[in-house]
Amino acid sequence: MTVELRNLRKSFGGVAALDDVSLTIARGEFVALLGPSGSGKTTLLRAVAGLEFVDSGDIVIDERSIHGVPARERGVGFVFQHYALFRHMTVARNVAFGLEVRPRSRRPTARDIETRVQSLLDLMEIGHLGGRYPEQISGGQRQRVALARALAIEPKLLLLDEPFGALDAKVRKSLRVWLRELHERMGLTSIFVTHDQAEAMEMADRVAVLRAGRIEQVDTPATLYAEPANAFVHEFMGESVQFRCLVADGRAWIDGLPDIVLPNRCPSGPAVALIRPHEIGLLPGPGPARVDARHHVGPLRRVRVRMDDRVLDLPVPEGRWLPDAGQTCRLDLSQARVYPCASDAAGLSRAGDRESESPIRATMLIEENSST
Amino acid sequence: MLTVQRSALPGFVPTFGITFLWLSLIVLVPLSALALRPWELGFIGVWHSVTEPRVVAALRLSFGTAALAAAVNVPFGLLIAWVMVRYRFPGRNLADSLIDMPLALPTAVAGISLTALFAPKGWLGALLAPLGIKVAYTPLGILVALIFVGLPFMVRTLEPVIMELPLDAEEAAATLGATRAQIIWRVVLPALLPALLAGFGAALARGVGEYGSVIFIAGNMPMISEIAPLLIVIRLEQLDYAGAAALGLIMLLVSFGILLLLNLLQRRISVQQT
Amino acid sequence: MSETAIYPSESATSAIHSGEAATQEAPATRAALTILTIVLLILLLLFPLIVVFTEAFRHGLGGIVEALAEPDAISAIGLTLIVAAVSVPLNTVCGVAAAWCIARFRFPGRGLLITLIELPLSVSPVISGLVWVLLFGANGWFGPALDRLGVRIIFAVPGLVLATAFVTFPFVARTLIPLMEHQGAAEEEAALTLGAGGWQIFRRVTLPNIRWGLLYGVLLCNARAMGEFGAVAVVSGHVRGQTMTMPLQVEALFNDYDWVGAFTIAGLLSLLALLTLAVKAVLEWRIGAQGGALL
């Protein structure tokens, strides 16, 4: 069973909430929609459920368009951000709801419903809570009730809107693992919205990064982290250190670090080089960087490096050269990725053209520069 | 935003339809009769109808007593709201229910019981008679009745605002050396000013059109103690429909005008304070 | 998410009451103001209520029974009940429809609709009756035509119903709209994704959530319907035994100096008012106790 989102567009009063979004999800996949608030991820999820209407585009499930199909007939399970449990019904009645409102012809007997409800509650490890009311149980338990309720109707697709957003950190961690296992065990196909990239990376088979209504990149978590398609994705997926640079003839010259030139495929003009803190190497010798301090956090070593007017806090992995405080050193930025930016003197990273080639890994090219 | 957002929830068309239909029948059509009927007298006719001395006296009485009663309710309402929110005392919950009494009690019942209370032989009337104060059957009686009716509006408008008053502003003033009285005067009251205006407006609007509470205790003497709503009733009985409608229309327009003004004033003060 | 009770919770007021001199008046001042308030409330609000009952009982229980046994009194009570029985359910149905429409959807003209719903509250009761006379009275737009058909609206029961419907229209909607907006549409959307249809959603999800607000709105609507005076006075024609509701009967008896009769009927109406206030108090106590879960 595949889910295809084709060229979805939706605007609210002149602002595009969804801007030509296309995505295919295979059976059994666990896909995360990741992005900052306002990126359109919740709108997209609700559009699949039928709670929002798109202006144009199509949603196809199993070769059948569900475009005109009302929400109640889509057979899609939805878990709301704040659970939306029916406050006046017990947990058991909540879970039974989807079965009880079915038309007579498709409705199971009362006995069947009870059995199914109880087995779902047991599966969620809350079998003993059937008689309680939502206000009497904890946040984590309510979350499971919401899940059980959505699963009771045996949906083709499970949609989850920031399901862990309202829970505290410890509960969140254990529920992440548990949810992923449930997904495997029940053979579900799930789409899951979050703004927390660690969560997306940990749980999803593939992650779609959204910004301002567009999908910036869809890939496995590992690929997203290692090969971000543009500056936005690079910065969203993890810590980034930014260096302004200028591209000419296929080489990027970094402001303030004339020793370092990075090959790339960006168009000539201003650009930005992004690198993860742990990818920055420190090399002995006279250089633009000065080590202010170093500290050890358990087995981890970190140095605070000052360069021009900025301060970098860098980890130094085992086996690498560890400078002393007060020493100067050179920087190895060979793992940086260069992205074009809009002609904007501020140099803040912007996603360049999505169609621009993804920068190739720069090979190390440090030139001893006599002008130091 | 003028675009209609389609909603996934069902039921818009039937509920909008019912609401609109019922509203039209019960509210819109009758009110349009009120708006249109006076003009069969022609513009001049309407002018004459509402500027008759008797009418002017009645309007002046209705608006004047309503304004005065609302003004009296400002300190009364403020006192009661302050004590109810800030203090604890036995029977506070009972007092809270009591404040809604004028809203819950039918106006005719309020009317006759206030009359009985302030009649020369009534409990309070007998207390005031030796002082030479006659309440029942005089404009003073109208005032008392309107104070009764308007009090809950003032109190209920003020209470949530008092509850939201930031205590730290008062604490800050205290650390700067202000006495309690100064704090109330300089910190608390200015913050409450928009709400006081709103409460004043609500009480005023209610008081202008009040009929049942007032009609028994007023003397109902033309030019002296005859309220405008009574004049409307009299004109209807005389089959002067256009005249009655004209008077009703004027009352409505002036009330809305006053409320609009108060609203603007309130907003200007709120803006100044932020 | 919880609704605050009418007054700050104990813990909130304790900050004020822990003797913080900065935010407190002097104890003597507080005592004086409290006493002044209580006296004011008693004089202004309690006395009128008490007077109703003392006057009604002036001739003892026998006087009351006699007053209630009067045929005019009985027909007034009956008429009041009939008028309420027609106008309250109609306004309840329309109020619920209006609340669903306004609280759950956004559409152009929504603000106007809200203003129109609130309109009868800002209009003088006499004007509320006047408008019906303008439509159906002897000189009204439709009056003469209907008269030829033998249909009497003004000075007859239908007029009473219309006037009462006009003034009581807002109560149910006004209570439900903020309640439903506060509760949000999430539960109803959840029911939708689970396959429920419109009626099922309303019956199983919405109605249980709004039931206390609905009860309160209906009670307010009913209290006003039974107690309305100004609007009804204009359309009634004061025909004894036929178009006199209880408040009108009170007026008639009072003007005839039959104070016992007048205050007896007034007493019945006051009991209704007290009932409404009591229910309101219970509902608010429930909100406080349950942290907003019920209302």
# chains A, B, ... in the order shown; residues from 1 in each chain; ligands from 1
>>> residues_around(residues="C:His238", least_positions_apart="6", cutoff="8 Å", atoms="only C-alpha atoms", output="MDAnalysis selection string")
chainID C and resid 155 244 248
>>> residues_around(residues="stretch 132-144 of chain A", least_positions_apart="3", cutoff="9 Å", atoms="only C-alpha atoms", output="list in words")
Val79, His82, Tyr83, Leu85, Phe86, Arg87, His88, Met89, Thr90, Val91, Ala92, Leu121, Met124, Glu125, Ile126, His128, Leu129, Leu147, Ala148, Arg149, Pro163, Phe164, Ala166, Leu167, Asp168, Val171, Arg172 and Leu175 of chain A; Ala293 of chain C
>>> closest_atom_pairs(of="chain C", to="chain A", cutoff="8 Å", atoms="only C-alpha atoms", output="JSON lines")
{"residue": "C:Ala186", "atom": "CA", "partner": "A:Ala84", "partner_atom": "CA", "distance": 5.4}
{"residue": "C:Glu187", "atom": "CA", "partner": "A:Ala84", "partner_atom": "CA", "distance": 4.8}
{"residue": "C:Glu189", "atom": "CA", "partner": "A:Leu51", "partner_atom": "CA", "distance": 7.3}
{"residue": "C:Ala190", "atom": "CA", "partner": "A:Ala84", "partner_atom": "CA", "distance": 6.5}
{"residue": "C:Ala191", "atom": "CA", "partner": "A:Gly98", "partner_atom": "CA", "distance": 7.5}
{"residue": "C:Leu192", "atom": "CA", "partner": "A:Arg72", "partner_atom": "CA", "distance": 5.0}
{"residue": "C:Thr193", "atom": "CA", "partner": "A:Arg72", "partner_atom": "CA", "distance": 5.1}
{"residue": "C:Leu194", "atom": "CA", "partner": "A:Gly98", "partner_atom": "CA", "distance": 4.7}
{"residue": "C:Gly195", "atom": "CA", "partner": "A:Arg72", "partner_atom": "CA", "distance": 4.0}
{"residue": "C:Ala196", "atom": "CA", "partner": "A:Val101", "partner_atom": "CA", "distance": 5.5}
{"residue": "C:Gly197", "atom": "CA", "partner": "A:Arg72", "partner_atom": "CA", "distance": 7.0}
{"residue": "C:Gln200", "atom": "CA", "partner": "A:Val101", "partner_atom": "CA", "distance": 7.2}
{"residue": "C:Val205", "atom": "CA", "partner": "A:Phe86", "partner_atom": "CA", "distance": 6.7}
{"residue": "C:Pro208", "atom": "CA", "partner": "A:His88", "partner_atom": "CA", "distance": 6.6}
{"residue": "C:Asn209", "atom": "CA", "partner": "A:His88", "partner_atom": "CA", "distance": 6.9}
{"residue": "C:Ala293", "atom": "CA", "partner": "A:Arg87", "partner_atom": "CA", "distance": 7.9}
>>> interface_residues(of="chain C", to="chain B", cutoff="6 Å", atoms="only C-alpha atoms", output="list in words")
Ala22, Thr23, Thr37, Pro48, Val52, Cys94, Ala97, Ala98, Cys101, Phe107, Pro108, Ser124, Val131, Phe166, Gly198, Gly227, Gly230, Pro247, Ala266 and Ala273 of chain C
>>> write_last_selection(atoms="C-alpha atoms", output="PDB file, in the first residue's frame")
ATOM      1  CA  ALA C  22       2.372  46.323  50.578  1.00  0.00           C
ATOM      2  CA  THR C  23      -0.716  44.955  48.902  1.00  0.00           C
ATOM      3  CA  THR C  37     -20.036  46.305  51.695  1.00  0.00           C
ATOM      4  CA  PRO C  48     -36.035  43.999  48.285  1.00  0.00           C
ATOM      5  CA  VAL C  52     -41.497  40.364  48.764  1.00  0.00           C
ATOM      6  CA  CYS C  94     -31.706  27.873  17.630  1.00  0.00           C
ATOM      7  CA  ALA C  97     -27.431  25.722  16.191  1.00  0.00           C
ATOM      8  CA  ALA C  98     -26.033  29.240  16.417  1.00  0.00           C
ATOM      9  CA  CYS C 101     -22.186  27.559  13.573  1.00  0.00           C
ATOM     10  CA  PHE C 107     -16.937  32.771   7.662  1.00  0.00           C
ATOM     11  CA  PRO C 108     -17.529  36.301   6.464  1.00  0.00           C
ATOM     12  CA  SER C 124     -35.106  48.305  26.060  1.00  0.00           C
ATOM     13  CA  VAL C 131     -41.408  46.223  17.296  1.00  0.00           C
ATOM     14  CA  PHE C 166     -37.190  38.179  21.095  1.00  0.00           C
ATOM     15  CA  GLY C 198     -22.419  14.886  12.061  1.00  0.00           C
ATOM     16  CA  GLY C 227     -40.263  37.105  34.328  1.00  0.00           C
ATOM     17  CA  GLY C 230     -41.810  45.418  29.636  1.00  0.00           C
ATOM     18  CA  PRO C 247     -45.593  39.710  35.856  1.00  0.00           C
ATOM     19  CA  ALA C 266     -44.126  38.012  42.935  1.00  0.00           C
ATOM     20  CA  ALA C 273     -35.010  33.565  40.619  1.00  0.00           C
TER      21      ALA C 273
END
>>> residues_around(residues="A:Arg206", least_positions_apart="5", cutoff="9 Å", atoms="only C-alpha atoms", output="PDB file with C-alpha atoms, in the first residue's frame")
ATOM      1  CA  GLU A  29       7.513   2.871   6.260  1.00  0.00           C
ATOM      2  CA  PHE A  30       7.820   5.188   9.218  1.00  0.00           C
ATOM      3  CA  VAL A  31       8.268   8.652   7.774  1.00  0.00           C
ATOM      4  CA  ALA A  32       8.902  11.791   9.811  1.00  0.00           C
ATOM      5  CA  LEU A  33       7.867  15.269   8.711  1.00  0.00           C
ATOM      6  CA  ALA A 200      13.018  12.179  13.836  1.00  0.00           C
ATOM      7  CA  MET A 201      16.476  10.761  13.415  1.00  0.00           C
ATOM      8  CA  VAL A 218      13.796  13.634   1.888  1.00  0.00           C
ATOM      9  CA  ASP A 219      16.326  11.010   2.889  1.00  0.00           C
ATOM     10  CA  THR A 220      17.320   8.523   5.518  1.00  0.00           C
ATOM     11  CA  PRO A 221      18.410  10.167   8.741  1.00  0.00           C
TER      12      PRO A 221
END
>>> atom_distance(atom1="atom CA of B:Val254", atom2="atom CA of B:Leu204")
11.5 Å
>>> closest_residue(among="A:Leu160, A:Val69, A:Val21, A:Leu8", to="chain B", atoms="only C-alpha atoms")
A:Val69
>>> atom_distance(atom1="atom CA of A:Thr328", atom2="atom CA of A:Gly287")
5.9 Å
>>> atom_distance(atom1="atom CA of A:Asp19", atom2="atom CA of A:Leu5")
12.2 Å
>>> residues_around(residues="C:Val279", least_positions_apart="4", cutoff="8 Å", atoms="only C-alpha atoms", output="PyMOL selection string")
chain C and resi 216+275+283
